[in-house]
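Here is the file structure-v2.cif (mmCIF, N, CA and C atoms).
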```cif
data_structure
#
loop_
_atom_site.label_atom_id
_atom_site.label_comp_id
_atom_site.auth_asym_id
_atom_site.auth_seq_id
_atom_site.Cartn_x
_atom_site.Cartn_y
_atom_site.Cartn_z
N MET A 2 3.34 42.92 -38.09
CA MET A 2 2.09 42.64 -38.76
C MET A 2 2.37 41.74 -39.95
N LYS A 3 1.51 40.77 -40.17
CA LYS A 3 1.59 39.90 -41.34
C LYS A 3 0.43 40.28 -42.27
N ALA A 4 0.74 40.43 -43.54
CA ALA A 4 -0.29 40.76 -44.52
C ALA A 4 -0.13 39.82 -45.71
N GLN A 5 -1.23 39.25 -46.16
CA GLN A 5 -1.20 38.37 -47.32
C GLN A 5 -1.17 39.20 -48.59
N ILE A 6 -0.34 38.75 -49.54
CA ILE A 6 -0.20 39.48 -50.80
C ILE A 6 -0.13 38.48 -51.94
N GLN A 7 -0.72 38.86 -53.06
CA GLN A 7 -0.68 38.04 -54.27
C GLN A 7 -0.16 38.90 -55.40
N ARG A 8 0.88 38.43 -56.08
CA ARG A 8 1.40 39.14 -57.25
C ARG A 8 0.64 38.68 -58.49
N ILE A 9 0.33 39.60 -59.37
CA ILE A 9 -0.28 39.26 -60.66
C ILE A 9 0.81 38.71 -61.58
N ASP A 10 1.95 39.39 -61.61
CA ASP A 10 3.10 38.95 -62.40
C ASP A 10 4.21 38.59 -61.41
N SER A 11 4.45 37.31 -61.22
CA SER A 11 5.42 36.87 -60.20
C SER A 11 6.88 37.07 -60.62
N THR A 12 7.11 37.55 -61.86
CA THR A 12 8.48 37.85 -62.26
C THR A 12 8.94 39.20 -61.71
N LEU A 13 8.00 40.01 -61.25
CA LEU A 13 8.33 41.29 -60.63
C LEU A 13 8.47 41.09 -59.13
N PRO A 14 9.31 41.89 -58.46
CA PRO A 14 9.52 41.70 -57.03
C PRO A 14 8.31 42.13 -56.19
N LEU A 15 8.25 41.61 -54.98
CA LEU A 15 7.25 42.06 -54.02
C LEU A 15 7.53 43.52 -53.66
N PRO A 16 6.51 44.26 -53.22
CA PRO A 16 6.75 45.63 -52.76
C PRO A 16 7.79 45.62 -51.64
N GLN A 17 8.57 46.68 -51.56
CA GLN A 17 9.64 46.75 -50.57
C GLN A 17 9.64 48.09 -49.85
N TYR A 18 10.06 48.04 -48.58
CA TYR A 18 10.38 49.25 -47.83
C TYR A 18 11.82 49.58 -48.22
N GLN A 19 12.06 50.78 -48.73
CA GLN A 19 13.37 51.12 -49.29
C GLN A 19 14.45 51.36 -48.25
N THR A 20 14.07 51.75 -47.02
CA THR A 20 15.04 51.96 -45.95
C THR A 20 14.49 51.38 -44.66
N GLY A 21 15.34 51.25 -43.67
CA GLY A 21 14.91 50.75 -42.36
C GLY A 21 13.93 51.67 -41.67
N GLY A 22 13.94 52.95 -42.00
CA GLY A 22 13.03 53.91 -41.39
C GLY A 22 11.82 54.25 -42.23
N ALA A 23 11.66 53.60 -43.38
CA ALA A 23 10.53 53.90 -44.28
C ALA A 23 9.21 53.51 -43.64
N ALA A 24 8.24 54.42 -43.65
CA ALA A 24 6.92 54.14 -43.12
C ALA A 24 6.04 53.42 -44.14
N ALA A 25 6.35 53.58 -45.41
CA ALA A 25 5.53 53.02 -46.48
C ALA A 25 6.39 52.18 -47.42
N PHE A 26 5.74 51.23 -48.10
CA PHE A 26 6.44 50.41 -49.09
C PHE A 26 6.11 50.93 -50.48
N ASP A 27 7.00 50.65 -51.42
CA ASP A 27 6.81 51.11 -52.79
C ASP A 27 6.06 50.07 -53.62
N LEU A 28 5.07 50.55 -54.37
CA LEU A 28 4.38 49.73 -55.36
C LEU A 28 5.07 49.93 -56.71
N ILE A 29 5.24 48.86 -57.45
CA ILE A 29 5.82 48.99 -58.78
C ILE A 29 4.79 48.60 -59.83
N THR A 30 5.00 49.11 -61.03
CA THR A 30 4.03 48.92 -62.09
C THR A 30 4.20 47.57 -62.78
N ARG A 31 3.06 46.99 -63.11
CA ARG A 31 3.05 45.68 -63.75
C ARG A 31 3.29 45.77 -65.25
N GLU A 32 2.87 46.85 -65.86
CA GLU A 32 3.04 46.98 -67.31
C GLU A 32 3.30 48.44 -67.67
N THR A 33 3.97 48.63 -68.79
CA THR A 33 4.20 49.99 -69.27
C THR A 33 2.85 50.61 -69.64
N THR A 34 2.64 51.83 -69.15
CA THR A 34 1.38 52.53 -69.36
C THR A 34 1.67 53.93 -69.86
N ILE A 35 0.98 54.35 -70.91
CA ILE A 35 1.11 55.71 -71.43
C ILE A 35 -0.10 56.51 -70.99
N ILE A 36 0.17 57.65 -70.36
CA ILE A 36 -0.89 58.56 -69.91
C ILE A 36 -0.88 59.75 -70.87
N GLU A 37 -1.98 59.92 -71.59
CA GLU A 37 -2.07 60.99 -72.58
C GLU A 37 -2.10 62.36 -71.90
N PRO A 38 -1.72 63.42 -72.64
CA PRO A 38 -1.70 64.77 -72.06
C PRO A 38 -3.06 65.16 -71.47
N LYS A 39 -3.01 65.77 -70.30
CA LYS A 39 -4.20 66.32 -69.63
C LYS A 39 -5.28 65.27 -69.39
N SER A 40 -4.88 64.01 -69.27
CA SER A 40 -5.87 62.95 -69.06
C SER A 40 -5.52 62.14 -67.80
N ILE A 41 -6.48 61.32 -67.40
CA ILE A 41 -6.32 60.46 -66.23
C ILE A 41 -6.19 59.03 -66.70
N GLY A 42 -5.25 58.31 -66.10
CA GLY A 42 -5.06 56.91 -66.43
C GLY A 42 -4.89 56.07 -65.18
N LEU A 43 -4.99 54.77 -65.36
CA LEU A 43 -4.80 53.82 -64.27
C LEU A 43 -3.55 52.99 -64.54
N VAL A 44 -2.68 52.94 -63.53
CA VAL A 44 -1.44 52.20 -63.64
C VAL A 44 -1.54 50.97 -62.73
N PRO A 45 -1.40 49.75 -63.28
CA PRO A 45 -1.55 48.55 -62.46
C PRO A 45 -0.38 48.35 -61.50
N GLY A 46 -0.70 48.10 -60.23
CA GLY A 46 0.30 47.97 -59.18
C GLY A 46 0.78 46.56 -58.93
N ASN A 47 0.28 45.59 -59.66
CA ASN A 47 0.76 44.21 -59.67
C ASN A 47 0.40 43.38 -58.44
N VAL A 48 -0.34 43.92 -57.48
CA VAL A 48 -0.61 43.14 -56.28
C VAL A 48 -2.08 43.24 -55.84
N ILE A 49 -2.50 42.17 -55.20
CA ILE A 49 -3.76 42.14 -54.45
C ILE A 49 -3.34 41.92 -53.01
N VAL A 50 -3.76 42.81 -52.13
CA VAL A 50 -3.35 42.74 -50.72
C VAL A 50 -4.58 42.49 -49.85
N LYS A 51 -4.48 41.49 -48.99
CA LYS A 51 -5.51 41.28 -47.99
C LYS A 51 -5.09 42.06 -46.75
N VAL A 52 -5.73 43.19 -46.55
CA VAL A 52 -5.39 44.08 -45.45
C VAL A 52 -5.81 43.41 -44.13
N PRO A 53 -4.93 43.36 -43.14
CA PRO A 53 -5.28 42.73 -41.87
C PRO A 53 -6.47 43.41 -41.17
N ASP A 54 -7.20 42.63 -40.38
CA ASP A 54 -8.30 43.18 -39.59
C ASP A 54 -7.82 44.37 -38.77
N GLY A 55 -8.65 45.40 -38.69
CA GLY A 55 -8.32 46.57 -37.89
C GLY A 55 -7.41 47.57 -38.58
N TYR A 56 -7.13 47.34 -39.87
CA TYR A 56 -6.25 48.23 -40.63
C TYR A 56 -6.91 48.61 -41.95
N ALA A 57 -6.40 49.68 -42.54
CA ALA A 57 -6.70 50.06 -43.92
C ALA A 57 -5.35 50.27 -44.59
N LEU A 58 -5.33 50.22 -45.89
CA LEU A 58 -4.11 50.46 -46.66
C LEU A 58 -4.32 51.73 -47.48
N LEU A 59 -3.49 52.73 -47.23
CA LEU A 59 -3.54 53.96 -48.01
C LEU A 59 -2.53 53.87 -49.14
N ILE A 60 -2.94 54.28 -50.33
CA ILE A 60 -2.06 54.34 -51.49
C ILE A 60 -1.76 55.82 -51.74
N LEU A 61 -0.49 56.17 -51.59
CA LEU A 61 -0.05 57.56 -51.67
C LEU A 61 0.89 57.75 -52.86
N PRO A 62 0.83 58.91 -53.50
CA PRO A 62 1.78 59.15 -54.60
C PRO A 62 3.20 59.31 -54.06
N ARG A 63 4.18 58.89 -54.81
CA ARG A 63 5.57 59.16 -54.43
C ARG A 63 5.81 60.65 -54.62
N SER A 64 6.60 61.23 -53.75
CA SER A 64 6.80 62.68 -53.77
C SER A 64 7.46 63.17 -55.06
N SER A 65 8.20 62.32 -55.73
CA SER A 65 8.88 62.73 -56.97
C SER A 65 7.99 62.67 -58.20
N LEU A 66 6.80 62.13 -58.08
CA LEU A 66 5.93 61.91 -59.25
C LEU A 66 5.62 63.19 -60.04
N PRO A 67 5.21 64.28 -59.40
CA PRO A 67 4.93 65.49 -60.18
C PRO A 67 6.18 66.09 -60.82
N ARG A 68 7.28 66.13 -60.09
CA ARG A 68 8.50 66.76 -60.57
C ARG A 68 9.16 65.96 -61.69
N LYS A 69 9.23 64.65 -61.53
CA LYS A 69 9.94 63.81 -62.51
C LYS A 69 9.07 63.42 -63.69
N LYS A 70 7.77 63.23 -63.45
CA LYS A 70 6.90 62.71 -64.51
C LYS A 70 5.81 63.67 -64.96
N GLY A 71 5.51 64.69 -64.15
CA GLY A 71 4.39 65.56 -64.46
C GLY A 71 3.05 64.89 -64.16
N LEU A 72 3.09 63.88 -63.27
CA LEU A 72 1.87 63.16 -62.90
C LEU A 72 1.49 63.50 -61.46
N ILE A 73 0.19 63.62 -61.24
CA ILE A 73 -0.35 63.79 -59.89
C ILE A 73 -1.46 62.76 -59.70
N CYS A 74 -1.82 62.52 -58.47
CA CYS A 74 -2.96 61.65 -58.17
C CYS A 74 -4.15 62.56 -57.92
N PRO A 75 -5.13 62.57 -58.81
CA PRO A 75 -6.22 63.54 -58.73
C PRO A 75 -7.09 63.41 -57.48
N HIS A 76 -7.09 62.26 -56.85
CA HIS A 76 -7.87 62.08 -55.63
C HIS A 76 -6.97 62.09 -54.39
N SER A 77 -5.72 62.46 -54.55
CA SER A 77 -4.71 62.59 -53.49
C SER A 77 -4.23 61.26 -52.94
N LEU A 78 -5.13 60.38 -52.57
CA LEU A 78 -4.73 59.07 -52.05
C LEU A 78 -5.81 58.06 -52.34
N GLY A 79 -5.43 56.82 -52.28
CA GLY A 79 -6.40 55.73 -52.46
C GLY A 79 -6.57 55.00 -51.14
N LEU A 80 -7.73 54.43 -50.95
CA LEU A 80 -8.03 53.69 -49.73
C LEU A 80 -8.39 52.26 -50.08
N ILE A 81 -7.63 51.31 -49.54
CA ILE A 81 -7.91 49.90 -49.75
C ILE A 81 -8.50 49.35 -48.47
N ASP A 82 -9.75 48.95 -48.53
CA ASP A 82 -10.46 48.42 -47.37
C ASP A 82 -10.06 46.97 -47.11
N HIS A 83 -10.37 46.51 -45.92
CA HIS A 83 -10.07 45.15 -45.48
C HIS A 83 -10.70 44.10 -46.41
N ASP A 84 -11.86 44.40 -46.98
CA ASP A 84 -12.57 43.40 -47.78
C ASP A 84 -12.33 43.55 -49.29
N TYR A 85 -11.31 44.32 -49.69
CA TYR A 85 -10.98 44.47 -51.11
C TYR A 85 -9.79 43.57 -51.44
N HIS A 86 -10.06 42.30 -51.65
CA HIS A 86 -8.98 41.37 -51.99
C HIS A 86 -9.48 40.19 -52.82
N GLY A 87 -10.48 40.48 -53.66
CA GLY A 87 -10.99 39.44 -54.54
C GLY A 87 -10.04 39.12 -55.67
N GLU A 88 -10.40 38.14 -56.45
CA GLU A 88 -9.56 37.63 -57.52
C GLU A 88 -9.13 38.70 -58.53
N LYS A 89 -9.97 39.73 -58.74
CA LYS A 89 -9.67 40.77 -59.73
C LYS A 89 -9.43 42.13 -59.06
N ASP A 90 -9.08 42.13 -57.77
CA ASP A 90 -8.92 43.38 -57.03
C ASP A 90 -7.47 43.85 -56.96
N GLU A 91 -6.81 43.85 -58.11
CA GLU A 91 -5.45 44.39 -58.18
C GLU A 91 -5.49 45.87 -57.80
N ILE A 92 -4.47 46.31 -57.08
CA ILE A 92 -4.37 47.72 -56.74
C ILE A 92 -3.91 48.49 -57.97
N PHE A 93 -4.67 49.50 -58.33
CA PHE A 93 -4.32 50.40 -59.42
C PHE A 93 -4.04 51.78 -58.83
N VAL A 94 -3.15 52.51 -59.48
CA VAL A 94 -2.84 53.88 -59.06
C VAL A 94 -3.42 54.81 -60.12
N GLN A 95 -4.32 55.70 -59.70
CA GLN A 95 -4.92 56.66 -60.61
C GLN A 95 -4.00 57.88 -60.70
N VAL A 96 -3.60 58.22 -61.92
CA VAL A 96 -2.72 59.37 -62.12
C VAL A 96 -3.28 60.29 -63.20
N GLN A 97 -2.95 61.57 -63.06
CA GLN A 97 -3.35 62.56 -64.05
C GLN A 97 -2.10 63.20 -64.62
N ASN A 98 -2.04 63.25 -65.93
CA ASN A 98 -0.92 63.85 -66.64
C ASN A 98 -1.19 65.36 -66.74
N THR A 99 -0.34 66.15 -66.09
CA THR A 99 -0.52 67.61 -66.11
C THR A 99 0.26 68.27 -67.23
N THR A 100 0.96 67.47 -68.03
CA THR A 100 1.82 68.03 -69.09
C THR A 100 1.06 68.09 -70.42
N ASP A 101 1.76 68.65 -71.40
CA ASP A 101 1.20 68.74 -72.76
C ASP A 101 1.72 67.64 -73.68
N HIS A 102 2.35 66.61 -73.09
CA HIS A 102 2.86 65.50 -73.90
C HIS A 102 2.55 64.18 -73.19
N PRO A 103 2.49 63.08 -73.95
CA PRO A 103 2.25 61.78 -73.31
C PRO A 103 3.36 61.45 -72.32
N VAL A 104 2.99 60.82 -71.21
CA VAL A 104 3.97 60.40 -70.20
C VAL A 104 3.93 58.87 -70.11
N THR A 105 5.10 58.27 -70.17
CA THR A 105 5.20 56.81 -70.09
C THR A 105 5.66 56.41 -68.70
N VAL A 106 4.90 55.50 -68.10
CA VAL A 106 5.30 54.88 -66.85
C VAL A 106 5.75 53.48 -67.22
N GLU A 107 7.02 53.19 -66.98
CA GLU A 107 7.60 51.93 -67.42
C GLU A 107 7.27 50.78 -66.47
N ARG A 108 7.17 49.58 -67.03
CA ARG A 108 7.00 48.36 -66.24
C ARG A 108 8.14 48.27 -65.22
N GLY A 109 7.81 47.97 -63.98
CA GLY A 109 8.81 47.84 -62.93
C GLY A 109 9.17 49.14 -62.23
N GLU A 110 8.59 50.24 -62.67
CA GLU A 110 8.88 51.55 -62.07
C GLU A 110 8.12 51.71 -60.75
N ARG A 111 8.75 52.34 -59.77
CA ARG A 111 8.07 52.65 -58.51
C ARG A 111 7.13 53.82 -58.75
N ILE A 112 5.84 53.61 -58.51
CA ILE A 112 4.84 54.61 -58.86
C ILE A 112 4.13 55.22 -57.66
N ALA A 113 3.98 54.45 -56.59
CA ALA A 113 3.23 54.92 -55.42
C ALA A 113 3.73 54.19 -54.18
N GLN A 114 3.20 54.61 -53.04
CA GLN A 114 3.57 54.00 -51.76
C GLN A 114 2.33 53.46 -51.07
N GLY A 115 2.51 52.38 -50.34
CA GLY A 115 1.42 51.83 -49.54
C GLY A 115 1.72 52.00 -48.06
N LEU A 116 0.73 52.46 -47.31
CA LEU A 116 0.89 52.72 -45.89
C LEU A 116 -0.26 52.08 -45.13
N PHE A 117 0.04 51.15 -44.23
CA PHE A 117 -0.98 50.56 -43.39
C PHE A 117 -1.29 51.51 -42.23
N VAL A 118 -2.57 51.72 -41.97
CA VAL A 118 -2.98 52.57 -40.85
C VAL A 118 -4.02 51.82 -40.02
N LYS A 119 -3.90 51.96 -38.71
CA LYS A 119 -4.84 51.35 -37.79
C LYS A 119 -6.14 52.15 -37.84
N ILE A 120 -7.26 51.46 -37.81
CA ILE A 120 -8.54 52.16 -37.89
C ILE A 120 -9.47 51.71 -36.75
N ASP A 121 -10.40 52.56 -36.44
CA ASP A 121 -11.52 52.26 -35.56
C ASP A 121 -12.78 52.66 -36.30
N ARG A 122 -13.87 52.05 -35.94
CA ARG A 122 -15.16 52.43 -36.51
C ARG A 122 -15.94 53.18 -35.44
N ALA A 123 -16.54 54.27 -35.82
CA ALA A 123 -17.29 55.11 -34.88
C ALA A 123 -18.66 54.52 -34.59
N GLU A 124 -19.08 54.67 -33.37
CA GLU A 124 -20.46 54.43 -32.99
C GLU A 124 -21.06 55.80 -32.76
N TRP A 125 -22.06 56.16 -33.57
CA TRP A 125 -22.60 57.51 -33.53
C TRP A 125 -23.49 57.73 -32.31
N LYS A 126 -23.32 58.88 -31.70
CA LYS A 126 -24.20 59.34 -30.65
C LYS A 126 -24.73 60.69 -31.11
N GLU A 127 -25.95 60.70 -31.59
CA GLU A 127 -26.51 61.92 -32.14
C GLU A 127 -26.89 62.88 -31.03
N VAL A 128 -26.55 64.16 -31.23
CA VAL A 128 -26.87 65.22 -30.28
C VAL A 128 -27.57 66.35 -31.03
N SER A 129 -28.27 67.20 -30.30
CA SER A 129 -28.94 68.34 -30.94
C SER A 129 -28.00 69.54 -31.06
N SER A 130 -26.94 69.57 -30.25
CA SER A 130 -25.95 70.64 -30.30
C SER A 130 -24.68 70.16 -29.62
N HIS A 131 -23.56 70.74 -30.05
CA HIS A 131 -22.29 70.42 -29.40
C HIS A 131 -21.94 71.41 -28.31
N GLY A 132 -22.71 72.51 -28.20
CA GLY A 132 -22.50 73.48 -27.14
C GLY A 132 -21.27 74.35 -27.30
N SER A 133 -20.75 74.47 -28.51
CA SER A 133 -19.56 75.30 -28.75
C SER A 133 -19.91 76.44 -29.68
N GLU A 134 -19.13 77.52 -29.57
CA GLU A 134 -19.30 78.66 -30.47
C GLU A 134 -18.78 78.29 -31.85
N THR A 135 -19.39 78.85 -32.88
CA THR A 135 -18.93 78.62 -34.25
C THR A 135 -17.62 79.38 -34.47
N ARG A 136 -16.67 78.73 -35.08
CA ARG A 136 -15.36 79.33 -35.34
C ARG A 136 -15.34 80.15 -36.61
N GLY A 137 -16.39 80.11 -37.39
CA GLY A 137 -16.41 80.92 -38.61
C GLY A 137 -16.58 80.14 -39.89
N GLY A 138 -16.55 78.82 -39.84
CA GLY A 138 -16.78 78.03 -41.02
C GLY A 138 -15.52 77.67 -41.79
N PHE A 139 -15.70 77.01 -42.91
CA PHE A 139 -14.61 76.48 -43.73
C PHE A 139 -13.62 77.57 -44.12
N GLY A 140 -12.36 77.37 -43.81
CA GLY A 140 -11.31 78.30 -44.22
C GLY A 140 -11.21 79.54 -43.36
N SER A 141 -11.87 79.58 -42.21
CA SER A 141 -11.93 80.81 -41.43
C SER A 141 -10.65 81.12 -40.68
N THR A 142 -9.74 80.15 -40.51
CA THR A 142 -8.53 80.43 -39.75
C THR A 142 -7.36 80.84 -40.64
N GLY A 143 -7.62 81.09 -41.87
CA GLY A 143 -6.53 81.58 -42.70
C GLY A 143 -6.43 80.91 -43.98
#
```

Structure rendered as structure tokens:
Amino acid sequence: MKAQIQRIDSTLPLPQYQTGGAAAFDLITRETTIIEPKSIGLVPGNVIVKVPDGYALLILPRSSLPRKKGLICPHSLGLIDHDYHGEKDEIFVQVQNTTDHPVTVERGERIAQGLFVKIDRAEWKEVSSHGSETRGGFGSTG
């Protein structure tokens, strides 16, 4: 797959897959950002990506983020649509500081991962019933 990418700061490297088996590439931060205690901040990812037709780009937190930094992504993941690639559509990573002290994310630090996923769009066929028994509702299996 070929994907067009634009760096905001061209002195920083392009996102990279860290190993031959990596499913996602790492996004790095464009500028040092301080996230205040118990607050949510946006960390600039330095790129605008034109997602290829038929795909979406998921932005996922790196697994070490909570343990090493005390940061989590409050919305779990970000979704970059095919048409989000305008002049000011830099990818930002939303993070929440769960600690009682300010957390610094340094310029050039790997903050999140990007994963391309193939998508289809549903054509709805409305029905009056699905003809199945109710399983018990949300959380009913344990």

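For the pair atom C of Met2 in chain A and atom N of Lys119 in chain A, the interatomic distance is 12.1 Å.
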
Item to complete: Could you tell me which residues the PyMOL selection byres ((chain A and resi 44-48) around 8) grabs in this file, written as a ChimeraX atom specification?
Response: /A:6-11,16,28-35,41-43,49-51,90-96,106,112-113

Once the PyMOL selection byres ((chain A and resi 62) around 5) is applied to the coordinates I shared, what remains selected? I want it as a PDB file with N, CA and C atoms, in the frame of the given file.
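Below is the file that was written, expr-v2.pdb:
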```
ATOM      1  N   ILE A  60      -2.940  54.280 -50.330  1.00  0.00           N
ATOM      2  CA  ILE A  60      -2.060  54.340 -51.490  1.00  0.00           C
ATOM      3  C   ILE A  60      -1.760  55.820 -51.740  1.00  0.00           C
ATOM      4  N   LEU A  61      -0.490  56.170 -51.590  1.00  0.00           N
ATOM      5  CA  LEU A  61      -0.050  57.560 -51.670  1.00  0.00           C
ATOM      6  C   LEU A  61       0.890  57.750 -52.860  1.00  0.00           C
ATOM      7  N   ARG A  63       4.180  58.890 -54.810  1.00  0.00           N
ATOM      8  CA  ARG A  63       5.570  59.160 -54.430  1.00  0.00           C
ATOM      9  C   ARG A  63       5.810  60.650 -54.620  1.00  0.00           C
ATOM     10  N   SER A  64       6.600  61.230 -53.750  1.00  0.00           N
ATOM     11  CA  SER A  64       6.800  62.680 -53.770  1.00  0.00           C
ATOM     12  C   SER A  64       7.460  63.170 -55.060  1.00  0.00           C
ATOM     13  N   ALA A 113       3.980  54.450 -56.590  1.00  0.00           N
ATOM     14  CA  ALA A 113       3.230  54.920 -55.420  1.00  0.00           C
ATOM     15  C   ALA A 113       3.730  54.190 -54.180  1.00  0.00           C
ATOM     16  N   GLN A 114       3.200  54.610 -53.040  1.00  0.00           N
ATOM     17  CA  GLN A 114       3.570  54.000 -51.760  1.00  0.00           C
ATOM     18  C   GLN A 114       2.330  53.460 -51.070  1.00  0.00           C
TER      19      GLN A 114
END
```

Practice prompt. Could you jot down the CA of Pro67 in chain A to atom N of Gln17 in chain A separation for me, Å, one decimal place?
Written response: 21.0 Å

Discussion item. Using the chain letters and numbers from this file, what does the PyMOL selection byres (((chain A and resi 54 and name CA) around 10) and name CA) select? Give the answer as a PyMOL selection string.
Written reply: chain A and resi 4+51-53+55-57+82-84+119-120

Response to the item:
The distance between atom C of His102 in chain A and atom N of Phe26 in chain A is 28.4 Å

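Here the question is which of A:Arg111, A:Arg122, A:Phe117, A:Pro75 gets nearest to Gln19 in chain A using only C-alpha atoms, and that residue is A:Arg111.
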
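Look at Pro38 in chain A: the protein and nucleic acid residues within 6 Å of it, using only N, CA and C atoms and passing over chain neighbours fewer than 5 places away, are Asn98, Thr100, Asp101, His102, Pro103 and Val104 of chain A.
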
Where is the centre and how long are the edges: axis-aligned box on range 16-24 of chain A, 5 Å on each side, Å to one decimal, as JSON:
```
{"center_x": 10.7, "center_y": 49.3, "center_z": -47.3, "size_x": 19.3, "size_y": 20.2, "size_z": 21.8}
```

Discussion item. According to DSSP computed on the backbone, where in range 30-139 of chain A is there strand (DSSP E)? Give the residues as a count of residues only.
Written reply: 42

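Distance annotation: of A:Gln97, A:Thr105, A:Ser130, A:Thr12, the residue with the minimal separation from Ser40 in chain A is A:Gln97; atom set is all atoms listed in the file.
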